[in-house]
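Data block below; observations after.
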Amino acid sequence: MLGFLGTAGIVAGLVGYLLLVVRSLGVARTGTRKGSLAAPVQIILAGSAIAMVALVLALVVDDFSISYVANHHASTTPFPFNVASAWGALEGSIVLWGLVLSIFTWVVHRKYQQSPDALGAGALAVMAVVGIFFFGLMITVSNPFEVCVLAGERSCLSSSPWPFATTQPPLEGAGPNPLLQNHYLMAIHPPILYAGYVGLTVPFAYAISALALKVPGPEWLSRSHRSTLVAWSFLTAGILLGGWWAYEVLSWGGYWAWDPVENASLMPWLVATAFLHSAIVQQRRNMLQAWNFVLVISMFSLTILGTFLTRSGTINSVHSFTQSAIGPALLGFLALVLVGSFSLFATRSHLVSSAPRMRSLVSREGAFLANNLILTLYAFVVLVGTTYPLFLEAFTGTQVGVGGPFYNRLALPLTFTLLLVMGIGPITPWGSAEPALLWRRLRLPLMAALIAGVAVALVITRNGWVVLACVMGTFVVGSLVGLLIEQARARENKTEESLRQAIAHVVKGDKAFWAGQLSHVGVVLVAIGIAFASNLALHLVVVLEPGDTVDFAGFELVYESPFQIEEPQRTVRGARITVLRDGEFVATMEPTANFYVNDGAGIVTPDVLTRPRGDLYLSLRNFDSASITLALDTSPLIWLLWVGGLTAAAGGFLALASRRTERKSTDQRLTADV
Amino acid sequence: MSEKSKNLAIGVVVATLAILLSSLVISQPGSGDRAQLIGASIKCPVCQGESIADSPANMAVDMMALVEQRVSEGATNQEIIDELLDSFTGAVLLDPPASGATLLLWIVPLFALILGIGVIVWWKTHPPDEPGDEVAATAPATRRRLYGGLIVIGGMALIIGAATLLIKDGSGPASGAAETGAESLTGNLDDVSNETMEAVIAANLDNAEIDGMRLALAERYFELGDYRSSFPHFLAVAQSPIATDDQATIALVRLGWMAYDGNGEVDTATELLDQALEISPDSPVALYFKGQVLWCGAGDTASASTIFEEILNQPDLPNETRIRVEADLDLAGTGAACT
């Protein structure tokens with residue numbers, strides 16, 4: 001029943017997208033509103049929602065007649081992990097992808113209703129083509145509503161796409177991957193990441209629409225910029241939550257491993273960040289018009305590449321590529337997107353007017369160019385590092401690993417150069433910067449940065465990375481504060497406001513800019529957090545028997561006793577450890593090993609104690625009746641990383657909100673003038 | 001360009017270079033202990049993208065123990081890394097060297113950087129005179145250039161397509177070896193050399209049906225006392241979802257014995273042997289080695305004797321085994337230390 005409902009939802013979504021592509025193409029071509037676009041969009045939204053709801057319901061009511069439920073869920077799986085299983089495995093994640101795409105299609109349509117123009121209709125057509133592909137996947141090679149026709153003991157052995165086939169559900173399902181039912185972050189991380197990922201379809205749709213309709217003017221750029229801001233903010237938050245999840249669940253004390261799955265989300269983020277900046281250059285100076293098209297097309301292509309890399313199994317082994325037909329399908333779509341968009345771009349390139357003369361590289365636009373060079377190079381390094389081993393293995397059979405050491409060596413210089421540009425760019429005027437002015441604005445931040453560096457070296461640590469990160473961070477924040485005060489002073493002198501009022505007015509006067517600077521501060525916090533956590537961490541592995549104590553990082557840890565908790569879906573075995581500092585009780589920590597019914601090996605779950613100076617991180621390495629082997633780690637100031645990441649994302653959302661109010665007030669002013 | 005702006009530009013360049021250089025200099029390993037650094041540069045064979053220093057997987061922990069031991073013995077980094085790469089199938093360097101097959105990996109980003117700077121400089125020094133004129137005058141040329149680009153992209157798409165076709169067989173260049181392997185799986189392995197077996201196994205990493213050959217090869221290494229070479233193969237069989245009970249039992253028994261005999265880890269050994277006994281409770285081999293570990297490792301002669309007696313109670317015991325166990329039982333019965 002639910003299988004039928006879900007399949008019906010998918011079919012409805014597919015039909016809706018087909019209808020939308022036909023109608024919106026008609027509107028875009030003739031420029032007149034023939035046939036409503038609202039009806040297909042409503043069908044799409046309803047269809048996607050029905051499919052998602054049917055899948056979630058099937059999981060909640062343990063409907064093992066659907067093979068996805070049989071293979072990725074068990075009746076003992078607790079809330080919220082039973083719901084999260086809806087996107088925990090391949091087929092379900094495509095349903096979520098489809099739903100998010102439909103929501104964004106609805107948003108684009110709403111914009112179209114406000115100002116019905118060919119550009120919007122064309123964008124809807126592009127969204128619809130992408131939608132047809134993903135709903136096509138769901139109905140063919142990645143169908144989440146196949147019914148089980150041959151039950152295994154705890155899984156489904158054979159399934160049929162025909163919803164009315166005679167089903168043979170297993171009595172119990174296999175349960176989700178233990179790693180995915182071990183932490184609540186796993187329930188919210190994918191939807192937020194997908195909102196970012198899929199959101200990048202919107203700027204792409206506007207770009208393709210503008211190229212196809214031969215209107216490469218400012219309008220597509222403004223809409224693409226805005227929608228990229230939405231996607232970028234979600235993507236930032238999503239990547240951050242992914243790192244947080246890894247830290248809380250994977251028990252090695254890290255948050256980022258340059259894992260191909262992580263790289264797949266980082267690449268579009270880097271290019272989207274580049275576009276957010278280069279779009280401003282086009283808006284202000286009418287430069288980089290062709291480049292912006294390239295960035296937007298690359299951004300979307302990288303999301304498809306990322307989906308291909310993470311969802312086709314290619315990463316585990318090049319050879320598992322064809323285990324599912326979804327890999328070739330995604331690769332084919334990627335080729336279509338690349339060839340299609342770039343050929344369209346090539347045939348329209350004569351329309352993209354060339355750049356006006358750039359007066360000086362020492363200018364805001366010069367800083368933006370440097371920013372774009374570094375960010376795209378960064379993305380390129382990650383792309384090469386991620387795909388090179390695949391190509392090499394595919395063609396020569398040679399296996400090579402590209403991991404942390406490679407990326408760090410290239411990413412660190414890029415990151416620090418980026419921070420330098422981040423400090424100089426915002427205080428550099430457009431056009432051509434007067435060296436004297438620049439020096440006046442740079443003098444104080446540079447001095448503050450040097451003092452901070454010396455202070456850190458004397459008081460905290462002489463580790464080069466940490467000192468450098470603090471120097472660069474102070475420089476960036478210092479130059480922002482200096483700029484804010486300079487502008488406020490100027491206003492203060494003119495208007496006789498107090499400095500505080502003046503500062504508030506300056507910020508209100510250019511909200512989007514200052515929201516962007518808030519994101520910069522977030523990035524600085526992330527950089528400092530990473531520098532501290534990865535350079536000043538302490539690490540110790542000890543074997544303890546009940547009653548033993550160990551001194552570590554200024555704490556005294558007492559291993560009290562082992563304990564065991566039986567839950568329906570798992571057995572939790574853990575060690576109770578009392579943490580003392582200077583003889584005073586601080587906390588009881590319980591690192592555990594969780595043994596899930598469907599996985600004998602067990603998942604080690606760390607316990608993290610967060611304190612202002614950083615985290616104490618305990619994870620079990622071994623467990624037997626007499627003793628435990630315990631890994632002790634510190635992560636100094638790692639909370640800066642989470643706070644910084646959220647600040648960066650918040651900056652994005654604030655910039656979005658301020659753009660909206662600015663637009664509204666402009667509209668009001670225009671209406672008032674009339 | 002005025003004198004002042006030149007100075008400023010130079011200042012910016014110098015500052016950038018200073019940062020680049022200082023980051024490169026301090027990125028050289030200096031802090032942290034040597035074992036950790038070596039571990040960070042080796043990919044854990046059974047994990048996804050994690051290094052053996054980061055991964056809590058048993059295999060990674062064992063490999064790290066080996067690294068620590070070799071570091072304490074005074075081996076150089078390169079020696080240790082080479083040993084690890086030689087002994088563990090699937091262990092690869094996470095820090096690809098700027099030579100050989102991975103040279104391109106380092107050159108390509110550098111080339112991209114130079115290209116990027118070049119484009120910006122060219123763009124800055126060759127601005128169009130008037131935007132309007134430029135469109136009209138150079139449109140055909142631009143188009144031709146862009147069509148050239150299009151052909152390049154099309155070519156790349158073709159290459160990707162060809163690559164997918166190549167990969168499609170699930171093997172690529174190694175498929176010949178894989179077929180040989182499938183044949184010899186059913187035949188007699190006695191005449192097959194170690195090297196051939198390694199090659200076949202390497203070509204069939206994803207093919208669990210190779211368990212039989214893995215076990216045979218591992219047994220050969222094991223008999224020669226080459227625990228390091230046999231370890232990954234026993235491990236693979238022990239973890240294989242389709243290995244028969246007998247295969248899994250033997251693999252676990254051997255792993256347990258190597259944990260005790262090679263590393264002196266009595267607890268790990270007992271745990272592995274218990275796992276083997278869970279699969280085959282009556283396996284004489286598993287019981288015998290458990291007895292040995294209890295006797296020699298834990299010095300628990302009483303329990304060892306009980307286990308030896310349990311073995312001797314089994315009906316169809318081969319004579320050779322019976323004699324060996326009886327000898328051990330006699331010795332243990334006197335409370336003597338194991339030999």
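Naming works like this for the structure tokens: A, B, ... for the chains as they're shown, residue 1 at the start of each chain, ligands 1 onward in shown order.
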
For chain B, work out the contacting residues on chain A at 7 Å, counting only C-alpha atoms, and write them as a PDB file with N, CA and C atoms, in the first residue's frame.
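Wrote it out as out-v1.pdb, contents follow:
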ATOM      1  N   TRP A 252      38.066   8.900  16.549  1.00  0.00           N
ATOM      2  CA  TRP A 252      39.501   9.128  16.408  1.00  0.00           C
ATOM      3  C   TRP A 252      39.871  10.576  16.711  1.00  0.00           C
ATOM      4  N   ALA A 257      38.964  14.330   7.326  1.00  0.00           N
ATOM      5  CA  ALA A 257      39.991  13.348   6.960  1.00  0.00           C
ATOM      6  C   ALA A 257      40.391  13.467   5.494  1.00  0.00           C
ATOM      7  N   ASP A 259      38.554  12.839   3.249  1.00  0.00           N
ATOM      8  CA  ASP A 259      37.883  11.674   2.710  1.00  0.00           C
ATOM      9  C   ASP A 259      37.176  12.102   1.423  1.00  0.00           C
ATOM     10  N   HIS A 319      36.355  -0.671  -9.154  1.00  0.00           N
ATOM     11  CA  HIS A 319      35.679  -1.812  -9.762  1.00  0.00           C
ATOM     12  C   HIS A 319      34.237  -1.986  -9.328  1.00  0.00           C
ATOM     13  N   SER A 320      33.849  -1.339  -8.247  1.00  0.00           N
ATOM     14  CA  SER A 320      32.464  -1.505  -7.825  1.00  0.00           C
ATOM     15  C   SER A 320      31.554  -0.536  -8.570  1.00  0.00           C
ATOM     16  N   THR A 322      30.259  -0.513 -11.491  1.00  0.00           N
ATOM     17  CA  THR A 322      29.102  -1.006 -12.229  1.00  0.00           C
ATOM     18  C   THR A 322      28.221  -1.941 -11.407  1.00  0.00           C
ATOM     19  N   ALA A 335      28.352  14.154 -17.894  1.00  0.00           N
ATOM     20  CA  ALA A 335      28.887  14.452 -19.227  1.00  0.00           C
ATOM     21  C   ALA A 335      27.914  15.357 -19.982  1.00  0.00           C
ATOM     22  N   VAL A 339      29.091  18.978 -21.263  1.00  0.00           N
ATOM     23  CA  VAL A 339      29.130  19.238 -22.703  1.00  0.00           C
ATOM     24  C   VAL A 339      28.021  20.216 -23.082  1.00  0.00           C
ATOM     25  N   SER A 343      28.950  23.947 -24.296  1.00  0.00           N
ATOM     26  CA  SER A 343      28.727  24.273 -25.717  1.00  0.00           C
ATOM     27  C   SER A 343      27.758  25.432 -25.843  1.00  0.00           C
ATOM     28  N   ALA A 346      29.707  28.397 -25.241  1.00  0.00           N
ATOM     29  CA  ALA A 346      30.585  28.723 -26.358  1.00  0.00           C
ATOM     30  C   ALA A 346      29.819  29.435 -27.471  1.00  0.00           C
ATOM     31  N   HIS A 350      29.929  35.337 -27.665  1.00  0.00           N
ATOM     32  CA  HIS A 350      30.050  36.657 -28.296  1.00  0.00           C
ATOM     33  C   HIS A 350      29.088  37.664 -27.675  1.00  0.00           C
ATOM     34  N   SER A 353      29.609  40.464 -22.949  1.00  0.00           N
ATOM     35  CA  SER A 353      30.465  41.589 -23.318  1.00  0.00           C
ATOM     36  C   SER A 353      31.774  41.498 -22.557  1.00  0.00           C
ATOM     37  N   SER A 354      32.837  41.966 -23.212  1.00  0.00           N
ATOM     38  CA  SER A 354      34.155  41.825 -22.596  1.00  0.00           C
ATOM     39  C   SER A 354      34.324  42.859 -21.493  1.00  0.00           C
ATOM     40  N   PRO A 356      35.524  45.786 -19.045  1.00  0.00           N
ATOM     41  CA  PRO A 356      36.130  47.111 -19.161  1.00  0.00           C
ATOM     42  C   PRO A 356      37.546  47.078 -18.596  1.00  0.00           C
ATOM     43  N   ARG A 357      38.295  48.075 -18.919  1.00  0.00           N
ATOM     44  CA  ARG A 357      39.692  48.096 -18.513  1.00  0.00           C
ATOM     45  C   ARG A 357      39.807  48.095 -16.994  1.00  0.00           C
ATOM     46  N   MET A 358      40.741  47.267 -16.529  1.00  0.00           N
ATOM     47  CA  MET A 358      41.005  47.230 -15.098  1.00  0.00           C
ATOM     48  C   MET A 358      42.155  48.171 -14.821  1.00  0.00           C
ATOM     49  N   LEU A 373      41.283  33.337  -7.703  1.00  0.00           N
ATOM     50  CA  LEU A 373      42.380  32.472  -8.131  1.00  0.00           C
ATOM     51  C   LEU A 373      42.647  31.418  -7.064  1.00  0.00           C
ATOM     52  N   LEU A 377      41.773  27.467  -7.406  1.00  0.00           N
ATOM     53  CA  LEU A 377      42.945  26.596  -7.355  1.00  0.00           C
ATOM     54  C   LEU A 377      42.761  25.549  -6.247  1.00  0.00           C
ATOM     55  N   VAL A 381      42.811  21.628  -6.697  1.00  0.00           N
ATOM     56  CA  VAL A 381      43.696  20.711  -5.972  1.00  0.00           C
ATOM     57  C   VAL A 381      42.882  19.555  -5.386  1.00  0.00           C
ATOM     58  N   VAL A 384      41.719  17.267  -8.239  1.00  0.00           N
ATOM     59  CA  VAL A 384      42.801  16.421  -8.744  1.00  0.00           C
ATOM     60  C   VAL A 384      43.114  15.320  -7.732  1.00  0.00           C
ATOM     61  N   GLY A 385      43.247  15.708  -6.454  1.00  0.00           N
ATOM     62  CA  GLY A 385      43.581  14.721  -5.424  1.00  0.00           C
ATOM     63  C   GLY A 385      42.528  13.641  -5.284  1.00  0.00           C
ATOM     64  N   ALA A 394      42.100   3.095 -12.812  1.00  0.00           N
ATOM     65  CA  ALA A 394      41.296   2.637 -13.939  1.00  0.00           C
ATOM     66  C   ALA A 394      42.170   2.342 -15.154  1.00  0.00           C
ATOM     67  N   THR A 396      45.823   2.165 -15.264  1.00  0.00           N
ATOM     68  CA  THR A 396      47.066   1.400 -15.121  1.00  0.00           C
ATOM     69  C   THR A 396      46.969   0.298 -14.086  1.00  0.00           C
ATOM     70  N   GLY A 397      45.907   0.315 -13.268  1.00  0.00           N
ATOM     71  CA  GLY A 397      45.800  -0.697 -12.236  1.00  0.00           C
ATOM     72  C   GLY A 397      46.639  -0.379 -11.004  1.00  0.00           C
ATOM     73  N   VAL A 400      47.238   4.152  -5.740  1.00  0.00           N
ATOM     74  CA  VAL A 400      47.944   5.144  -4.937  1.00  0.00           C
ATOM     75  C   VAL A 400      46.953   5.754  -3.971  1.00  0.00           C
ATOM     76  N   GLY A 401      47.453   6.254  -2.869  1.00  0.00           N
ATOM     77  CA  GLY A 401      46.599   6.914  -1.892  1.00  0.00           C
ATOM     78  C   GLY A 401      46.913   8.391  -1.904  1.00  0.00           C
ATOM     79  N   VAL A 402      45.864   9.201  -1.875  1.00  0.00           N
ATOM     80  CA  VAL A 402      46.086  10.636  -1.743  1.00  0.00           C
ATOM     81  C   VAL A 402      45.324  11.051  -0.502  1.00  0.00           C
ATOM     82  N   GLY A 403      46.031  11.438   0.524  1.00  0.00           N
ATOM     83  CA  GLY A 403      45.360  11.715   1.778  1.00  0.00           C
ATOM     84  C   GLY A 403      45.852  12.973   2.441  1.00  0.00           C
ATOM     85  N   GLY A 404      45.578  13.040   3.729  1.00  0.00           N
ATOM     86  CA  GLY A 404      45.883  14.224   4.528  1.00  0.00           C
ATOM     87  C   GLY A 404      47.212  14.902   4.207  1.00  0.00           C
ATOM     88  N   PRO A 405      48.322  14.177   4.230  1.00  0.00           N
ATOM     89  CA  PRO A 405      49.604  14.856   4.018  1.00  0.00           C
ATOM     90  C   PRO A 405      49.658  15.637   2.701  1.00  0.00           C
ATOM     91  N   PHE A 406      49.110  15.045   1.627  1.00  0.00           N
ATOM     92  CA  PHE A 406      49.113  15.740   0.331  1.00  0.00           C
ATOM     93  C   PHE A 406      48.283  17.024   0.398  1.00  0.00           C
ATOM     94  N   ARG A 409      49.660  19.853   2.670  1.00  0.00           N
ATOM     95  CA  ARG A 409      50.813  20.548   2.110  1.00  0.00           C
ATOM     96  C   ARG A 409      50.372  21.636   1.137  1.00  0.00           C
ATOM     97  N   LEU A 412      47.414  24.319   3.110  1.00  0.00           N
ATOM     98  CA  LEU A 412      47.841  25.285   4.125  1.00  0.00           C
ATOM     99  C   LEU A 412      48.343  26.593   3.519  1.00  0.00           C
ATOM    100  N   PRO A 413      49.269  26.551   2.540  1.00  0.00           N
ATOM    101  CA  PRO A 413      49.671  27.830   1.932  1.00  0.00           C
ATOM    102  C   PRO A 413      48.489  28.559   1.305  1.00  0.00           C
ATOM    103  N   PHE A 416      46.351  30.212   4.104  1.00  0.00           N
ATOM    104  CA  PHE A 416      46.947  31.390   4.735  1.00  0.00           C
ATOM    105  C   PHE A 416      47.016  32.563   3.765  1.00  0.00           C
ATOM    106  N   THR A 417      47.255  32.280   2.481  1.00  0.00           N
ATOM    107  CA  THR A 417      47.223  33.363   1.501  1.00  0.00           C
ATOM    108  C   THR A 417      45.813  33.938   1.415  1.00  0.00           C
ATOM    109  N   PRO A 435      48.063  54.129  -2.361  1.00  0.00           N
ATOM    110  CA  PRO A 435      48.934  53.421  -1.408  1.00  0.00           C
ATOM    111  C   PRO A 435      48.922  54.041  -0.017  1.00  0.00           C
ATOM    112  N   GLY A 464      54.583  27.000  15.293  1.00  0.00           N
ATOM    113  CA  GLY A 464      54.515  27.941  14.181  1.00  0.00           C
ATOM    114  C   GLY A 464      53.128  28.105  13.582  1.00  0.00           C
ATOM    115  N   ARG A 621      39.581   1.602  23.179  1.00  0.00           N
ATOM    116  CA  ARG A 621      40.262   0.911  22.090  1.00  0.00           C
ATOM    117  C   ARG A 621      40.138  -0.599  22.265  1.00  0.00           C
TER     118      ARG A 621
END

Next item on the list: Just the residues within 10 Å of Phe653 of chain A, please, counting only C-alpha atoms, with nothing from its chain fewer than 5 positions along; format it as an NGL selection string.
Entry: :A and (229-234 or 512 or 515-516 or 519 or 647-648 or 658-659)

Next item on the list: Grab the atom CA of Gly291 of chain B to atom CA of Met59 of chain B distance for me, in Å with one decimal place.
Entry: 24.9 Å

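Taking atom CA of Leu90 of chain A and atom CA of Thr387 of chain A as the two end points, the separation is 21.1 Å.
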
Check: Can you list, as a PyMOL selection string, every protein, DNA or RNA residue that comes within 8 Å of segment 36-52 of chain A when you count only C-alpha atoms, leaving out same-chain residues fewer than 2 positions away?
Finding: chain A and resi 5-17+19-20+23-24+33-34+54-56+86+95-96+98-99+102-103+105-106+109

Please, could you write that set of residues out with N, CA and C atoms as an mmCIF file, in the first residue's frame?
data_model
loop_
_atom_site.group_PDB
_atom_site.id
_atom_site.type_symbol
_atom_site.label_atom_id
_atom_site.label_comp_id
_atom_site.auth_asym_id
_atom_site.auth_seq_id
_atom_site.Cartn_x
_atom_site.Cartn_y
_atom_site.Cartn_z
ATOM 1 N N LEU A 5 1.696 3.950 -2.895
ATOM 2 C CA LEU A 5 1.587 5.389 -2.662
ATOM 3 C C LEU A 5 2.890 6.090 -3.065
ATOM 4 N N GLY A 6 4.011 5.518 -2.607
ATOM 5 C CA GLY A 6 5.306 6.122 -2.911
ATOM 6 C C GLY A 6 5.582 6.138 -4.400
ATOM 7 N N THR A 7 5.324 4.992 -5.050
ATOM 8 C CA THR A 7 5.548 4.922 -6.492
ATOM 9 C C THR A 7 4.668 5.946 -7.203
ATOM 10 N N ALA A 8 3.420 6.062 -6.731
ATOM 11 C CA ALA A 8 2.515 7.045 -7.338
ATOM 12 C C ALA A 8 3.080 8.451 -7.174
ATOM 13 N N GLY A 9 3.641 8.736 -6.000
ATOM 14 C CA GLY A 9 4.241 10.049 -5.759
ATOM 15 C C GLY A 9 5.374 10.329 -6.735
ATOM 16 N N ILE A 10 6.221 9.316 -6.924
ATOM 17 C CA ILE A 10 7.358 9.495 -7.841
ATOM 18 C C ILE A 10 6.865 9.719 -9.272
ATOM 19 N N VAL A 11 5.874 8.900 -9.667
ATOM 20 C CA VAL A 11 5.329 9.050 -11.029
ATOM 21 C C VAL A 11 4.729 10.443 -11.192
ATOM 22 N N ALA A 12 4.004 10.886 -10.144
ATOM 23 C CA ALA A 12 3.397 12.224 -10.210
ATOM 24 C C ALA A 12 4.490 13.277 -10.357
ATOM 25 N N GLY A 13 5.574 13.127 -9.577
ATOM 26 C CA GLY A 13 6.677 14.090 -9.669
ATOM 27 C C GLY A 13 7.258 14.124 -11.074
ATOM 28 N N LEU A 14 7.454 12.926 -11.633
ATOM 29 C CA LEU A 14 8.032 12.833 -12.967
ATOM 30 C C LEU A 14 7.119 13.486 -14.004
ATOM 31 N N VAL A 15 5.818 13.171 -13.901
ATOM 32 C CA VAL A 15 4.852 13.761 -14.836
ATOM 33 C C VAL A 15 4.840 15.277 -14.686
ATOM 34 N N GLY A 16 4.861 15.725 -13.424
ATOM 35 C CA GLY A 16 4.867 17.166 -13.160
ATOM 36 C C GLY A 16 6.061 17.844 -13.806
ATOM 37 N N TYR A 17 7.240 17.234 -13.655
ATOM 38 C CA TYR A 17 8.443 17.835 -14.246
ATOM 39 C C TYR A 17 8.368 17.836 -15.772
ATOM 40 N N LEU A 19 5.657 17.949 -17.557
ATOM 41 C CA LEU A 19 4.688 18.988 -17.902
ATOM 42 C C LEU A 19 5.334 20.364 -17.782
ATOM 43 N N LEU A 20 6.109 20.523 -16.703
ATOM 44 C CA LEU A 20 6.743 21.818 -16.453
ATOM 45 C C LEU A 20 7.728 22.165 -17.563
ATOM 46 N N ARG A 23 5.697 23.252 -20.686
ATOM 47 C CA ARG A 23 5.010 24.540 -20.553
ATOM 48 C C ARG A 23 5.985 25.697 -20.388
ATOM 49 N N SER A 24 7.032 25.486 -19.538
ATOM 50 C CA SER A 24 7.921 26.619 -19.290
ATOM 51 C C SER A 24 8.755 26.921 -20.532
ATOM 52 N N ARG A 33 2.363 34.144 -21.483
ATOM 53 C CA ARG A 33 1.962 33.155 -20.479
ATOM 54 C C ARG A 33 0.850 32.293 -21.033
ATOM 55 N N LYS A 34 1.287 31.160 -21.592
ATOM 56 C CA LYS A 34 0.285 30.232 -22.106
ATOM 57 C C LYS A 34 0.236 29.029 -21.186
ATOM 58 N N ALA A 54 5.620 8.683 2.259
ATOM 59 C CA ALA A 54 5.367 7.241 2.168
ATOM 60 C C ALA A 54 6.577 6.461 2.671
ATOM 61 N N LEU A 55 7.772 6.942 2.315
ATOM 62 C CA LEU A 55 8.980 6.232 2.732
ATOM 63 C C LEU A 55 9.143 6.308 4.253
ATOM 64 N N VAL A 56 8.941 7.507 4.797
ATOM 65 C CA VAL A 56 9.081 7.677 6.252
ATOM 66 C C VAL A 56 8.043 6.828 6.978
ATOM 67 N N ALA A 86 15.363 7.079 6.199
ATOM 68 C CA ALA A 86 14.763 7.429 4.910
ATOM 69 C C ALA A 86 15.803 8.047 3.987
ATOM 70 N N VAL A 95 15.465 10.144 -2.932
ATOM 71 C CA VAL A 95 14.128 10.684 -2.665
ATOM 72 C C VAL A 95 14.239 12.038 -1.978
ATOM 73 N N LEU A 96 15.146 12.112 -0.994
ATOM 74 C CA LEU A 96 15.350 13.387 -0.303
ATOM 75 C C LEU A 96 15.864 14.428 -1.291
ATOM 76 N N GLY A 98 15.280 14.549 -4.424
ATOM 77 C CA GLY A 98 14.141 14.951 -5.247
ATOM 78 C C GLY A 98 13.235 15.931 -4.519
ATOM 79 N N LEU A 99 12.972 15.663 -3.247
ATOM 80 C CA LEU A 99 12.090 16.548 -2.479
ATOM 81 C C LEU A 99 12.705 17.942 -2.370
ATOM 82 N N SER A 102 12.433 19.739 -5.545
ATOM 83 C CA SER A 102 11.076 20.211 -5.797
ATOM 84 C C SER A 102 10.773 21.464 -4.985
ATOM 85 N N ILE A 103 11.280 21.510 -3.756
ATOM 86 C CA ILE A 103 11.064 22.708 -2.949
ATOM 87 C C ILE A 103 11.741 23.907 -3.603
ATOM 88 N N THR A 105 12.379 24.209 -6.745
ATOM 89 C CA THR A 105 11.608 24.520 -7.963
ATOM 90 C C THR A 105 10.419 25.408 -7.598
ATOM 91 N N TRP A 106 9.784 25.060 -6.475
ATOM 92 C CA TRP A 106 8.643 25.844 -6.011
ATOM 93 C C TRP A 106 9.083 27.274 -5.699
ATOM 94 N N HIS A 109 9.603 29.136 -8.801
ATOM 95 C CA HIS A 109 8.305 29.448 -9.388
ATOM 96 C C HIS A 109 7.645 30.630 -8.682
#

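Residues lying within 9 Å of segment 66-75 of chain B, counting only C-alpha atoms and ignoring same-chain neighbours fewer than 5 positions away, are B:Arg34, B:Ala35, B:Gln36, B:Ile38, B:Gly39, B:Val61, B:Ile80, B:Ile81, B:Leu84, B:Asn263.
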
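Distances here use only C-alpha atoms; by that measure, the residue among A:Val524, A:Ala70, A:Leu536, A:Ala121 closest to Thr30 of chain A is A:Ala121.
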
Which residues, written as a short mmCIF file (atom, residue, chain, number, x, y, z; two decimals) with C-alpha atoms, in the first residue's frame, have at least one atom at most 12 Å from Arg500 of chain A, with only C-alpha atoms counted and residues fewer than 4 positions away on the same chain left out?
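Result file follows (selection38.cif):
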data_model
loop_
_atom_site.label_atom_id
_atom_site.label_comp_id
_atom_site.auth_asym_id
_atom_site.auth_seq_id
_atom_site.Cartn_x
_atom_site.Cartn_y
_atom_site.Cartn_z
CA LEU A 484 34.22 50.00 10.89
CA ILE A 485 35.65 52.58 13.28
CA GLN A 487 33.61 54.86 8.77
CA ALA A 488 31.84 55.47 12.07
CA ARG A 489 34.23 58.33 12.94
CA ARG A 491 29.85 59.74 10.26
CA GLU A 492 30.25 60.88 13.84
CA GLU A 496 27.24 64.48 15.75
CA ALA A 504 25.10 50.93 14.19
CA HIS A 505 24.25 53.23 11.28
CA VAL A 506 27.33 52.21 9.32
CA VAL A 507 26.44 48.53 9.68
#

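In this structure, atom CA of Gln247 of chain B sits 25.7 Å away from atom CA of Asn622 of chain A.
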
Next item on the list: Tell me, as a ChimeraX atom specification, which residues lie within 8 Å of segment 207-220 of chain A, counting only C-alpha atoms; anything in the same chain fewer than 5 positions away does not count.
Entry: /A:28,118-120,122-123,126,283,293,296-297,341,344-345,348,351-352

Next item on the list: List every residue of segment 5-234 of chain A that DSSP, applied to the backbone of this structure, assigns to helix (DSSP H, G or I), and report them as a PyMOL selection string.
Entry: chain A and resi 5-30+38-60+67-72+81-87+90-114+118-139+178-181+185-199+201-212+218-234

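Within 12 Å of Leu157 of chain A, once only C-alpha atoms are used and residues closer than 2 positions along the same chain are dropped, the contacting residues are Ser65, Ile66, Ser67, Tyr68, Ala70, Asn71, Glu146, Val147, Cys148, Val149, Leu150, Ala151, Gly152, Glu153, Arg154, Ser155, Ser159, Ser160, Thr167, Gln168, Pro169, Pro170, Gly173 and Ala174 of chain A.
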